[in-house]
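Peer 1: What follows is data-v6.cif; its format and atoms are mmCIF, C-alpha atoms.
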data_entry
#
loop_
_atom_site.label_atom_id
_atom_site.label_comp_id
_atom_site.auth_asym_id
_atom_site.auth_seq_id
_atom_site.Cartn_x
_atom_site.Cartn_y
_atom_site.Cartn_z
CA MET A 1 121.96 84.34 120.13
CA LYS A 2 124.52 87.15 120.44
CA LEU A 3 122.95 90.56 120.70
CA ALA A 4 125.58 92.67 122.37
CA THR A 5 127.76 95.72 121.92
CA GLY A 6 130.47 95.66 124.55
CA ASN A 7 128.62 94.66 127.70
CA ARG A 8 125.28 96.02 126.50
CA GLN A 9 122.58 93.64 125.35
CA LEU A 10 120.69 94.53 122.18
CA HIS A 11 117.56 92.45 122.80
CA TYR A 12 115.44 95.58 122.31
CA ALA A 13 116.23 95.30 118.58
CA LEU A 14 113.76 92.41 118.41
CA ASP A 15 110.92 94.31 120.12
CA ASP A 16 108.24 96.01 118.06
CA ASP A 17 107.24 97.94 121.20
CA PRO A 18 110.35 99.52 122.77
CA ASP A 19 110.50 99.69 126.55
CA GLU A 20 110.75 102.90 128.58
CA GLU A 21 114.57 103.02 128.50
CA ILE A 22 114.68 102.78 124.71
CA CYS A 23 111.84 105.31 124.33
CA THR A 24 113.80 107.74 126.52
CA ILE A 25 116.85 107.36 124.27
CA LEU A 26 114.84 107.71 121.06
CA GLN A 27 112.73 110.61 122.37
CA GLU A 28 110.20 109.56 119.73
CA ILE A 29 109.75 106.13 118.19
CA PRO A 30 110.67 106.32 114.51
CA GLY A 31 107.67 105.88 112.22
CA ARG A 32 109.41 103.02 110.42
CA TRP A 33 110.37 101.16 113.64
CA GLY A 34 107.97 98.30 112.98
CA ARG A 35 109.47 97.66 109.53
CA MET A 36 113.11 98.14 110.51
CA THR A 37 115.48 95.21 110.67
CA PRO A 38 116.98 94.50 114.09
CA LEU A 39 120.32 95.96 112.92
CA SER A 40 118.68 99.22 111.88
CA ARG A 41 116.92 99.48 115.22
CA ALA A 42 120.19 98.86 117.06
CA VAL A 43 122.05 101.49 115.01
CA VAL A 44 119.36 104.11 115.70
CA VAL A 45 119.25 103.35 119.43
CA GLU A 46 123.01 103.09 119.96
CA ALA A 47 123.61 106.34 118.08
CA GLY A 48 121.08 107.99 120.38
CA ARG A 49 122.57 106.38 123.46
CA LEU A 50 126.03 107.79 122.66
CA LEU A 51 124.66 111.23 121.76
CA GLN A 52 122.69 111.26 125.02
CA GLN A 53 125.64 110.09 127.15
CA THR A 54 127.88 112.80 125.69
CA GLY A 55 125.29 115.52 126.29
CA LEU A 56 124.75 116.21 122.59
CA LEU A 57 120.98 115.66 122.71
CA VAL A 58 120.32 118.24 125.40
CA ALA A 59 118.96 120.78 122.90
CA GLY A 60 116.91 118.19 121.00
CA ARG A 61 117.67 115.36 118.66
CA HIS A 62 117.44 117.15 115.30
CA PHE A 63 120.93 118.46 114.61
CA ASN A 64 119.83 120.01 111.31
CA ILE A 65 117.19 122.15 113.05
CA ARG A 66 119.90 123.33 115.45
CA GLY A 67 122.02 124.40 112.47
CA LYS A 68 124.61 121.66 112.99
CA LYS A 69 125.98 119.68 110.08
CA VAL A 70 126.69 116.23 111.49
CA GLY A 71 127.63 113.18 109.45
CA LEU A 72 127.78 109.45 110.04
CA VAL A 73 130.18 106.95 108.54
CA GLY A 74 129.85 103.29 109.38
CA ALA A 75 132.04 100.36 108.52
CA THR A 76 130.84 96.79 108.29
CA ARG A 77 132.29 93.38 107.65
CA ARG A 78 129.28 91.88 105.90
CA GLY A 79 127.03 94.77 104.98
CA SER A 80 123.47 93.76 104.34
CA LEU A 81 124.27 90.13 103.54
CA ALA A 82 121.95 88.69 106.21
CA VAL A 83 118.98 90.71 104.89
CA ASP A 84 119.97 90.00 101.28
CA GLN A 85 119.85 86.28 101.99
CA GLU A 86 116.53 86.57 103.80
CA PHE A 87 115.08 88.55 100.87
CA ALA A 88 116.43 86.02 98.36
CA GLY A 89 114.81 83.28 100.43
CA SER A 90 111.46 85.04 100.19
CA MET A 91 111.89 85.26 96.41
CA ALA A 92 112.74 81.58 96.14
CA GLU A 93 109.48 80.64 97.82
CA ASN A 94 107.41 82.78 95.45
CA PRO A 95 108.87 85.70 93.43
CA GLN A 96 105.46 87.39 93.36
CA LEU A 97 105.40 87.46 97.16
CA ALA A 98 109.00 88.55 97.82
CA SER A 99 109.11 90.71 100.92
CA PRO A 100 108.95 94.41 100.04
CA ALA A 101 109.70 95.21 103.71
CA LEU A 102 113.03 93.37 103.43
CA PHE A 103 113.88 94.79 100.01
CA GLY A 104 114.22 98.28 101.49
CA TYR A 105 117.02 97.02 103.74
CA THR A 106 119.12 95.23 101.12
CA LEU A 107 121.70 98.04 101.01
CA ALA A 108 124.44 98.28 103.63
CA ASN A 109 123.89 102.00 104.25
CA ILE A 110 120.20 101.77 105.20
CA PRO A 111 120.73 101.33 108.99
CA LEU A 112 122.91 104.45 108.89
CA ALA A 113 120.27 106.32 106.88
CA GLU A 114 117.64 105.42 109.49
CA ALA A 115 119.82 106.92 112.24
CA ALA A 116 120.61 109.98 110.12
CA ASN A 117 116.92 110.57 109.50
CA HIS A 118 116.02 110.18 113.17
CA TYR A 119 118.71 112.56 114.46
CA GLY A 120 118.71 115.09 111.62
CA LEU A 121 122.21 114.26 110.39
CA VAL A 122 122.67 116.18 107.15
CA GLY A 123 126.41 115.68 106.70
CA PRO A 124 127.79 112.74 104.75
CA VAL A 125 126.20 109.40 105.61
CA PHE A 126 127.66 106.27 104.07
CA ALA A 127 128.93 102.75 104.66
CA LEU A 128 132.37 101.26 104.11
CA TYR A 129 133.51 97.67 104.14
CA SER A 130 136.35 96.57 106.40
CA THR A 131 137.38 93.08 107.39
CA ASP A 132 140.08 94.13 109.85
CA ASP A 133 138.94 96.88 112.22
CA PRO A 134 135.67 98.47 111.05
CA LEU A 135 135.40 101.07 113.83
CA LYS A 136 138.97 102.23 113.25
CA MET A 137 138.34 102.56 109.51
CA ALA A 138 135.12 104.51 110.08
CA THR A 139 136.86 106.79 112.58
CA LEU A 140 139.71 107.53 110.17
CA GLU A 141 137.23 108.39 107.41
CA ALA A 142 135.26 110.62 109.80
CA LYS A 143 138.48 112.47 110.68
CA ARG A 144 139.09 113.13 106.97
CA TRP A 145 135.68 114.76 106.67
CA LEU A 146 136.34 116.89 109.73
CA ALA A 147 139.75 117.92 108.40
CA ALA A 148 138.06 119.11 105.21
CA GLY A 149 136.03 121.52 107.36
CA GLN A 150 132.67 120.67 105.84
CA VAL A 151 131.01 119.26 108.94
CA ASP A 152 130.69 120.28 112.58
CA LEU A 153 130.83 116.76 113.98
CA MET A 154 131.00 113.16 112.78
CA LEU A 155 129.74 109.91 114.22
CA ALA A 156 131.66 106.77 113.36
CA CYS A 157 130.43 103.25 113.90
CA GLU A 158 130.99 99.60 113.35
CA PHE A 159 127.79 97.79 112.56
CA ASP A 160 127.17 94.24 111.52
CA ASP A 161 124.54 91.56 111.36
CA LEU A 162 126.60 88.39 111.60
CA SER A 163 123.52 86.20 111.85
CA HIS A 164 123.51 82.71 110.47
CA ASN A 165 120.31 80.71 109.96
CA ASP A 166 118.17 81.42 113.05
CA ASP A 167 121.12 82.55 115.22
CA LEU A 168 120.84 86.35 115.40
CA ALA A 169 124.16 88.12 116.08
CA LEU A 170 124.37 91.92 115.99
CA THR A 171 127.35 94.17 116.61
CA VAL A 172 127.05 97.94 116.96
CA ASP A 173 129.74 100.23 118.35
CA PHE A 174 129.81 104.04 118.04
CA ALA A 175 132.33 106.82 118.52
CA ILE A 176 132.06 110.60 118.38
CA VAL A 177 134.68 112.21 116.17
CA ALA A 178 134.97 115.90 117.01
CA PRO A 179 137.19 118.63 115.55
CA VAL A 180 140.56 118.94 117.21
#
Please lay out the structure from this file as structure tokens.

Peer 2:
Amino acid sequence: MKLATGNRQLHYALDDDPDEEICTILQEIPGRWGRMTPLSRAVVVEAGRLLQQTGLLVAGRHFNIRGKKVGLVGATRRGSLAVDQEFAGSMAENPQLASPALFGYTLANIPLAEAANHYGLVGPVFALYSTDDPLKMATLEAKRWLAAGQVDLMLACEFDDLSHNDDLALTVDFAIVAPV
């Protein structure tokens, strides 16, 4: 089981009840936490961790309430493939009982949308696919948005669920992209 970003372990992504450290980062547990996939949980937490470490959450976590237009672009190698396969598996067993909780996460941009909702990010929020260097691609796209002058700040991330069968493998890496 690989649940790491850099040297950080992402085991909290499997916990329905976040520990004190994760609660401190989140400031408030998202209402959908119990239904979120592990990748969505990791994206929300790691976005908050970076925002907290850089001092951007000092005035609260809702950027939109503070009048800041912040966006989030993420790049992924496999998108929502792991969840798509899990959902398809639930349909194969019995189409009438296919998991509605999983269906909501069968789009690659949903983990980003969960983070955007939690932190009040009202700038552009979308996912890209990249097989080479996802974080670099996301950062370049974030810089384009900043250059256009339509946002105050952008977050860029690489996010992936590279799980196979019962072997859970998450990757989440964030960067702040600020105006020059």

Peer 1: Using only C-alpha atoms, which of the listed residues (A:Gln27, A:Val122, A:Leu10, A:Leu135) sits closest to Arg41 of chain A?

Peer 2: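 Under the stated criterion, the closest residue is A:Leu10.
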
Peer 1: At most 9 Å from (118.2, 100.5, 110.7), file frame, only C-alpha atoms: which residues, as number ranges by chain?

Peer 2: A: 33, 36-44, 105, 109-115

Peer 1: Determine, counting only C-alpha atoms, every residue of protein, DNA or RNA that lies within 8 Å of (127.2, 102.0, 117.4) in the file coordinates, then give the result as a list in words.

Peer 2: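 Those within range, by chain then number, are Thr5, Ala42, Val43, Glu46, Ala47, Leu50, Ala156, Cys157, Glu158, Phe159, Thr171, Val172, Asp173, Phe174 and Ala175 of chain A.
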
Peer 1: Report, in Å with one decimal, the straight-line distance from atom CA of Ala138 of chain A to atom CA of Arg49 of chain A.

Peer 2: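 Atom CA of Arg49 of chain A lies at a distance of 18.4 Å from atom CA of Ala138 of chain A.
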
Peer 1: Just to confirm, what's the straight-line distance from atom CA of Leu72 of chain A to atom CA of Gly55 of chain A in Å (one decimal)?

Peer 2: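 Computing it gives 17.5 Å between the two atoms.
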
Peer 1: What would the selection look like, as a PyMOL selection string, if the PyMOL selection byres ((chain A and resi 151) around 7) were run on the coordinates I just shared?

Peer 2: chain A and resi 69-71+123+145-146+149-150+152-153

Peer 1: Which value, in Å to one decimal, gives the distance between atom CA of Ala147 of chain A and atom CA of Asn117 of chain A?

Peer 2: 24.0 Å

Peer 1: Let me know the residues the PyMOL selection byres ((chain A and resi 26) around 10) catches in the file above, as a list in words.

Peer 2: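 Output of the PyMOL selection byres ((chain A and resi 26) around 10): Pro18, Glu20, Glu21, Ile22, Cys23, Thr24, Ile25, Gln27, Glu28, Ile29, Pro30, Val44, Val45, Glu46, Ala47, Gly48, Arg49, Gln52, Arg61, His118 and Tyr119 of chain A.
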
Peer 1: Do you know which residues the PyMOL selection byres ((chain A and resi 77) around 10) returns on this file, as an NGL selection string?

Peer 2: :A and (75-76 or 78-81 or 128-134 or 158-162)

Peer 1: Take the residues just selected and output them with C-alpha atoms as a JSON list (two decimals), in the frame of the given file.

Peer 2:
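Written file, again.json:
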[["chain", "number", "residue", "atom", "x", "y", "z"],
["A", 75, "ALA", "CA", 132.04, 100.36, 108.52],
["A", 76, "THR", "CA", 130.84, 96.79, 108.29],
["A", 78, "ARG", "CA", 129.28, 91.88, 105.90],
["A", 79, "GLY", "CA", 127.03, 94.77, 104.98],
["A", 80, "SER", "CA", 123.47, 93.76, 104.34],
["A", 81, "LEU", "CA", 124.27, 90.13, 103.54],
["A", 128, "LEU", "CA", 132.37, 101.26, 104.11],
["A", 129, "TYR", "CA", 133.51, 97.67, 104.14],
["A", 130, "SER", "CA", 136.35, 96.57, 106.40],
["A", 131, "THR", "CA", 137.38, 93.08, 107.39],
["A", 132, "ASP", "CA", 140.08, 94.13, 109.85],
["A", 133, "ASP", "CA", 138.94, 96.88, 112.22],
["A", 134, "PRO", "CA", 135.67, 98.47, 111.05],
["A", 158, "GLU", "CA", 130.99, 99.60, 113.35],
["A", 159, "PHE", "CA", 127.79, 97.79, 112.56],
["A", 160, "ASP", "CA", 127.17, 94.24, 111.52],
["A", 161, "ASP", "CA", 124.54, 91.56, 111.36],
["A", 162, "LEU", "CA", 126.60, 88.39, 111.60]]

Peer 1: For a quick check of understanding, using only C-alpha atoms, which of A:Leu121, A:Met154, A:Val180, A:Ala92 has the smallest distance to Ile65 of chain A?

Peer 2: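 For Ile65 of chain A, the nearest of the candidates is A:Leu121.
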
Peer 1: Looking at A:Gly60, A:Gly74, A:Gly31, A:Pro124, which one is nearest to Lys136 of chain A, with distances taken over all atoms listed in the file?

Peer 2: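 Closest to Lys136 of chain A, using all atoms listed in the file: A:Gly74.
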